[in-house]
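Enquirer: My questions will all concern the structure given below.
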There are 2 protein chains.
Amino acid sequence: MTFKLITLGSNSALPAIDKYPSAHVLNIHEQFYLIDAGEGVQMQLKRYGISLLKINHIFISHLHGDHVYGLFGLIATMGLLGRKIPLNIYAPNPMREIMYNHFKYFESHLPYRVDIHIISDCEGNPVYSNQFLEVYAIPLEHTLPSFGFIFQEKAPERNIKKDCIQKYGLSLKEIILAKQGEDIVLSDGSVLENNELTYLPYHPRSFAYCSDTKYSDSVIRQIQGVNLLYHEATFLDCDRYLAEKTGHTTALQAAYIALYANVKQLVIGHFSLRYKENNHLFLEEALSVFKNTRLAQEGAVFDV
Amino acid sequence: MTFKLITLGSNSALPAIDKYPSAHVLNIHEQFYLIDAGEGVQMQLKRYGISLLKINHIFISHLHGDHVYGLFGLIATMGLLGRKIPLNIYAPNPMREIMYNHFKYFESHLPYRVDIHIISDCEGNPVYSNQFLEVYAIPLEHTLPSFGFIFQEKAPERNIKKDCIQKYGLSLKEIILAKQGEDIVLSDGSVLENNELTYLPYHPRSFAYCSDTKYSDSVIRQIQGVNLLYHEATFLDCDRYLAEKTGHTTALQAAYIALYANVKQLVIGHFSLRYKENNHLFLEEALSVFKNTRLAQEGAVFDV
């Protein structure tokens with residue numbers, strides 16, 4: 001089952017040529033989730049062959065322009081393409097007022113509904129869930145309310161081992177019970193343990209997105225053990241005081257977060273342009289602490 | 001003296017790869033004027049080496065997203081770059097309310113002032129003028145209030161023909177009078193006609209920008225004789241009923257407008273993607289009526 005991250009924008013706020021501000025798409029079981037929507041995100045979706053109309057859920061980390069200014073064009077284009085089904089946007093306050101005001105002046109004939117879901121607390125309830133997936137918001141530490149997101153696959157229903165059906169003469173009812181995780185008691189009173197009869201088709205995977213934020217111990221606790229962590233790394237560690245002051249993280253700090261959180265893979269992005277676009281400097285710095293680090297760059301795909 | 005148009009975006013509303021929605025820059029005597037600000041305009045300015053901080057005046061034709069959604073990121077970036085001097089935006093209603101609402105939620109620490117100048121009537125007064133230039137707004141015919149712009153160079157001060165100074169023994173006072181267009185009466189009572197003593201360093205040039213609009217006779221009257229006309233050509237003429245219905249122009253109609261308005265050169269843009277990006281079809285259609293037609297395309301420069 002597909003679970004991959006596609007970088008649409010690796011840049012921070014100042015504009016660059018051929019780099020875009022923050023935007024990522026998650027493909028989970030061929031459902032597409034957009035995380036942040038920097039300016040130009042609709043062009044990037046088109047560039048990488050992702051249908052705008054396949055996106056039904058957009059998660060916005062915080063209300064700085066470089067994470068949200070692409071939303072307006074995207075919403076307009078979805079309307080021009082004839083979208084009918086509602087679009088769901090999960091974002092901090094005051095996103096509802098922002099969109100309410102926006103629709104006073106623009107997109108007066110939008111043919112679909114935009115539902116805003118405000119992220120205000122993070123008390124353990126998912127902000128979104130479906131049959132396969134739960135999405136949790138976690139508080140980050142930035143210069144205004146900012147949230148990370150954890151995309152956690154639910155444990156899938158167990159599959160029956162085909163050879164067991166004939167071997168033990170399982171009935172349909174017993175097969176259903178076994179797939180639900182039950183042990184099976186045979187007519188002779190013997191017990192077949194569930195894990196002898198079934199297997200997990202895949203192990204539930206998880207992805208955490210943390211941008212924008214400064215280094216945070218509480219984040220480390222909340223993202224423990226995720227398969228893939230995207231973490232912002234706006235600065236190099238020589239500028240860690242500037243990072244602290246502006247609510248950002250250095251590449252070295254991001255690597256320590258990955259290390260302490262025991263994640264399997266780290267992707268860093270949201271790079272400042274002050275280092276003359278020498279993004280390998282970010283990579284070198286992070287690799288010195290956490291070996292399985294990769295750079296976000298436009299079009300890059302990361303299997304979770 | 002420089003007077004040239006640079007296309008930043010030739011696309012209409014639906015997103016394309018490597019094409020951007022409406023945005024043009026005019027370089028007039030090394031002053032830069034932005035006309036429309038589609039999404040991604042700040043990236044395009046960077047791509048073509050135009051300093052964002054050199055733009056002090058932005059003219060917005062109408063309040064459809066593909067002409068204005070790049071404004072928000074541009075304003076934010078100008079702030080990050082430390083802009084201090086006011087930015088002037090000329091746009092139809094309700095631009096002031098839009099920006100007022102925008103600043104309630106975004107760019108709370110913008111270090112410069114944004115002055116909104118509402119274009120509401122077009123009764124002959126320029127919406128902007130300086131020492132060299134007057135900018136007039138003209139009403140277009142679109143699905144909401146839309147304005148074209150005419151950038152008209154003022155007649156420059158006449159230069160004195162250097163050889164005349166010695167030949168006629170002109171005094172400083174006489175030179176100043178001659179440069180102001182006066183004839184000079186010599187001590188013997190004879191009259192030197194001004195055009196014998198002076199010349200125009202350049203002939204005042206003019207540029208007209210018409211987007212978005214359907215074919216309009218009144219526009220033809222108002223743009224008579226401009227040196228360069230940019231006119232939208234969203235559709236091919238096979239779709240002229242759709243053009244009429246959606247308040248747009250076909251390439252053929254744009255060419256007739258150029259012909260009837262006796263302009264010297266026509267640039268067409270704002271192309272619909274429905275023709276599979278075969279922009280030569282627009283050019284062929286326009287050339288059949290008006291020979292001096294060129295296509296707007298990203299990065300193209302047109303001398304006025």
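Labels used: A, B, ... for chains in the order of the structure tokens, numbers from 1 for residues in each chain, and numbers from 1 for ligands as shown.
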Which residues of chain A are close to chain B, meaning at most 6 Å apart when you count only C-alpha atoms, and how do they look as a PyMOL selection string?
Expert: chain A and resi 15-17+40+43+47
Enquirer: Can I get the selected residues back with N, CA and C atoms, as a compact mmCIF listing (two decimals), in the first residue's frame?
Expert:
```
# COMPACT_ATOMS: atom_id res chain seq x y z
N PRO A 15 11.66 34.65 -2.16
CA PRO A 15 11.46 33.91 -3.41
C PRO A 15 12.77 33.47 -4.05
N ALA A 16 12.71 32.36 -4.75
CA ALA A 16 13.86 31.83 -5.47
C ALA A 16 13.39 31.39 -6.85
N ILE A 17 14.35 31.19 -7.74
CA ILE A 17 14.04 30.68 -9.08
C ILE A 17 14.00 29.16 -9.00
N GLY A 40 2.26 29.22 -5.51
CA GLY A 40 2.65 28.41 -6.66
C GLY A 40 2.34 26.94 -6.50
N MET A 43 0.74 25.18 -9.44
CA MET A 43 1.65 24.90 -10.56
C MET A 43 2.49 23.67 -10.26
N ARG A 47 2.87 20.27 -12.25
CA ARG A 47 4.19 19.85 -12.72
C ARG A 47 4.46 18.38 -12.38
```
Enquirer: Can you pull out every residue within 9 Å of Ile220 in chain A, counting only C-alpha atoms, but drop anything in the same chain fewer than 5 positions away, and send it as a list in words?
Expert: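 Those residues are Tyr215, Ile257, Ala258, Tyr260, Ala261 and Asn262 of chain A.
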Enquirer: Selection from above, N, CA and C atoms, as a PDB file, in the first residue's frame, can you write it?
Expert:
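Everything below was put into out31.pdb:
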```pdb
ATOM      1  N   TYR A 215      13.628  24.337  17.937  1.00  0.00           N
ATOM      2  CA  TYR A 215      13.928  23.063  18.584  1.00  0.00           C
ATOM      3  C   TYR A 215      13.022  22.894  19.794  1.00  0.00           C
ATOM      4  N   ILE A 257      16.889  16.052  16.774  1.00  0.00           N
ATOM      5  CA  ILE A 257      15.483  15.707  17.012  1.00  0.00           C
ATOM      6  C   ILE A 257      15.183  14.326  16.439  1.00  0.00           C
ATOM      7  N   ALA A 258      15.656  14.072  15.216  1.00  0.00           N
ATOM      8  CA  ALA A 258      15.452  12.752  14.596  1.00  0.00           C
ATOM      9  C   ALA A 258      16.112  11.651  15.422  1.00  0.00           C
ATOM     10  N   TYR A 260      16.996  11.704  18.740  1.00  0.00           N
ATOM     11  CA  TYR A 260      16.362  11.520  20.049  1.00  0.00           C
ATOM     12  C   TYR A 260      14.959  10.932  19.919  1.00  0.00           C
ATOM     13  N   ALA A 261      14.300  11.186  18.790  1.00  0.00           N
ATOM     14  CA  ALA A 261      12.941  10.670  18.603  1.00  0.00           C
ATOM     15  C   ALA A 261      12.957   9.282  17.971  1.00  0.00           C
ATOM     16  N   ASN A 262      14.149   8.758  17.721  1.00  0.00           N
ATOM     17  CA  ASN A 262      14.271   7.396  17.160  1.00  0.00           C
ATOM     18  C   ASN A 262      13.457   7.221  15.882  1.00  0.00           C
TER      19      ASN A 262
END
```
Enquirer: Using CA of Val191 in chain A and CA of Lys173 in chain A as the two end points, give the distance in Å to one decimal.
Expert: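 Computing it gives 15.7 Å between the two atoms.
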Enquirer: What's around Leu266 in chain A at 10 Å? Count only C-alpha atoms, leave out sequence neighbours fewer than 2 positions away in its own chain, and write the answer as number ranges by chain.
Expert: A: 208, 226-231, 254-255, 257-259, 263-264, 268, 286-287, 290-296, 302
Enquirer: In Å, with one decimal, what is the gap from CA of Ala155 in chain A to CA of Leu26 in chain A?
Expert: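 About the pair CA of Ala155 in chain A and CA of Leu26 in chain A: they are 18.4 Å apart.
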Enquirer: State, in Å with one decimal place, the distance from CA of Ser10 in chain A to CA of Ala23 in chain A.
Expert: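 Going from CA of Ser10 in chain A over to CA of Ala23 in chain A covers 7.5 Å.
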Enquirer: In range 33-279 of chain A, what's alpha helix (DSSP H) per DSSP? Answer as a PyMOL selection string?
Expert: chain A and resi 41-47+71-80+95-105+162-168+172-179+194-197+217-222+240-246+251-260
Enquirer: For Leu8 in chain A, which of A:Tyr202, A:Asp303, A:Ala178, A:Gln297 is the closest residue, counting only C-alpha atoms?
Expert: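 Of A:Tyr202, A:Asp303, A:Ala178, A:Gln297, the one nearest Leu8 in chain A, counting only C-alpha atoms, is A:Gln297.
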Enquirer: Can you work out which one of B:Val304, B:Leu200, B:Val135, B:Val114 has the shortest atom-to-atom distance to Lys161 in chain B, counting only C-alpha atoms?
Expert: B:Leu200
Enquirer: Determine, counting only C-alpha atoms, which protein, DNA and RNA residues have an atom within 8 Å of an atom of Asp183 in chain B; residues of the same chain fewer than 6 positions away are not included. Present the result as an mmCIF file with N, CA, C and O atoms, in the first residue's frame.
Expert:
```cif
data_model
loop_
_atom_site.group_PDB
_atom_site.id
_atom_site.type_symbol
_atom_site.label_atom_id
_atom_site.label_comp_id
_atom_site.auth_asym_id
_atom_site.auth_seq_id
_atom_site.Cartn_x
_atom_site.Cartn_y
_atom_site.Cartn_z
ATOM 1 N N LEU B 177 15.244 79.759 -22.602
ATOM 2 C CA LEU B 177 13.979 80.055 -23.289
ATOM 3 C C LEU B 177 13.764 79.117 -24.474
ATOM 4 O O LEU B 177 12.658 78.605 -24.699
ATOM 5 N N VAL B 191 14.149 86.990 -36.055
ATOM 6 C CA VAL B 191 13.590 85.947 -35.189
ATOM 7 C C VAL B 191 14.150 84.572 -35.581
ATOM 8 O O VAL B 191 14.119 84.201 -36.758
ATOM 9 N N LEU B 192 14.680 83.867 -34.584
ATOM 10 C CA LEU B 192 15.109 82.475 -34.818
ATOM 11 C C LEU B 192 13.977 81.569 -34.372
ATOM 12 O O LEU B 192 13.595 81.573 -33.195
ATOM 13 N N GLU B 193 13.423 80.821 -35.313
ATOM 14 C CA GLU B 193 12.338 79.922 -34.913
ATOM 15 C C GLU B 193 12.883 78.792 -34.055
ATOM 16 O O GLU B 193 13.995 78.311 -34.273
ATOM 17 N N ASN B 194 12.059 78.405 -33.111
ATOM 18 C CA ASN B 194 12.530 77.426 -32.117
ATOM 19 C C ASN B 194 13.039 76.134 -32.746
ATOM 20 O O ASN B 194 14.092 75.619 -32.358
#
```
Enquirer: Would you list, as JSON, numbers by chain, the residues of range 57-202 of chain B that end up in strand (DSSP E) under DSSP run on this structure's backbone?
Expert: {"B": [57, 58, 59, 87, 88, 89, 90, 91, 92, 114, 115, 116, 117, 118, 119, 128, 129, 133, 134, 135, 136, 137, 138, 139, 147, 148, 149, 150, 151, 152, 153, 159, 160, 184, 185, 191, 192, 198, 199]}
Enquirer: Considering only C-alpha atoms, return as a ChimeraX atom specification whatever protein or nucleic-acid residues lie within 9 Å of Tyr275 in chain A, sequence-local ones (same chain, fewer than 4 positions apart) excluded.
Expert: /A:235-236,271,279,281
Enquirer: Could you take the residues named above and write them with C-alpha atoms, as a PDB file, in the first residue's frame?
Expert:
```
ATOM      1  CA  PHE A 235      19.382  27.699   9.223  1.00  0.00           C
ATOM      2  CA  LEU A 236      22.808  26.173   9.643  1.00  0.00           C
ATOM      3  CA  PHE A 271      15.976  26.260   3.679  1.00  0.00           C
ATOM      4  CA  ASN A 279      21.902  22.953   0.279  1.00  0.00           C
ATOM      5  CA  LEU A 281      25.761  22.326   3.711  1.00  0.00           C
TER       6      LEU A 281
END
```
Enquirer: Would you mind telling me which residue in B:Thr2, B:Asn56, B:Gln222, B:Asn278 lies nearest to Gly124 in chain B when using only C-alpha atoms?
Expert: B:Gln222
Enquirer: From the list A:Ala91, A:Leu34, A:Leu273, A:Leu186, which residue is nearest Phe151 in chain A when using only C-alpha atoms?
Expert: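 Closest residue, counting only C-alpha atoms: A:Leu34.
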Enquirer: Quick one: residues within 9 Å of range 179-182 of chain B, only C-alpha atoms, excluding same-chain residues fewer than 4 positions away - as a VMD selection string?
Expert: chain B and resid 157 to 160 174 to 175 193 to 195 197 to 199
Enquirer: Tell me, as a compact mmCIF listing (two decimals) with N, CA, C and O atoms, in the first residue's frame, which residues lie within 6 Å of Gly148 in chain A, counting only C-alpha atoms; anything in the same chain fewer than 2 positions away does not count.
Expert:
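Wrote selection.txt, looks like this:
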```txt
# COMPACT_ATOMS: atom_id res chain seq x y z
N ALA A 137 -2.65 16.54 15.30
CA ALA A 137 -1.90 17.82 15.31
C ALA A 137 -1.09 17.88 16.59
O ALA A 137 -1.55 17.43 17.65
N ILE A 138 0.12 18.42 16.49
CA ILE A 138 0.95 18.61 17.70
C ILE A 138 1.43 20.05 17.71
O ILE A 138 1.76 20.62 16.66
N TYR A 209 5.25 15.76 10.32
CA TYR A 209 5.62 17.00 9.61
C TYR A 209 5.78 18.09 10.66
O TYR A 209 4.82 18.38 11.39
N CYS A 210 6.94 18.69 10.73
CA CYS A 210 7.20 19.73 11.74
C CYS A 210 7.79 20.98 11.09
O CYS A 210 9.00 21.06 10.85
```
Enquirer: Out of A:Ile55, A:Ile50, A:Val127, A:Leu252, which residue has the shortest atom-to-atom distance to Phe32 in chain A when counting only C-alpha atoms?
Expert: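 That would be A:Ile55, the residue with the smallest distance to Phe32 in chain A.
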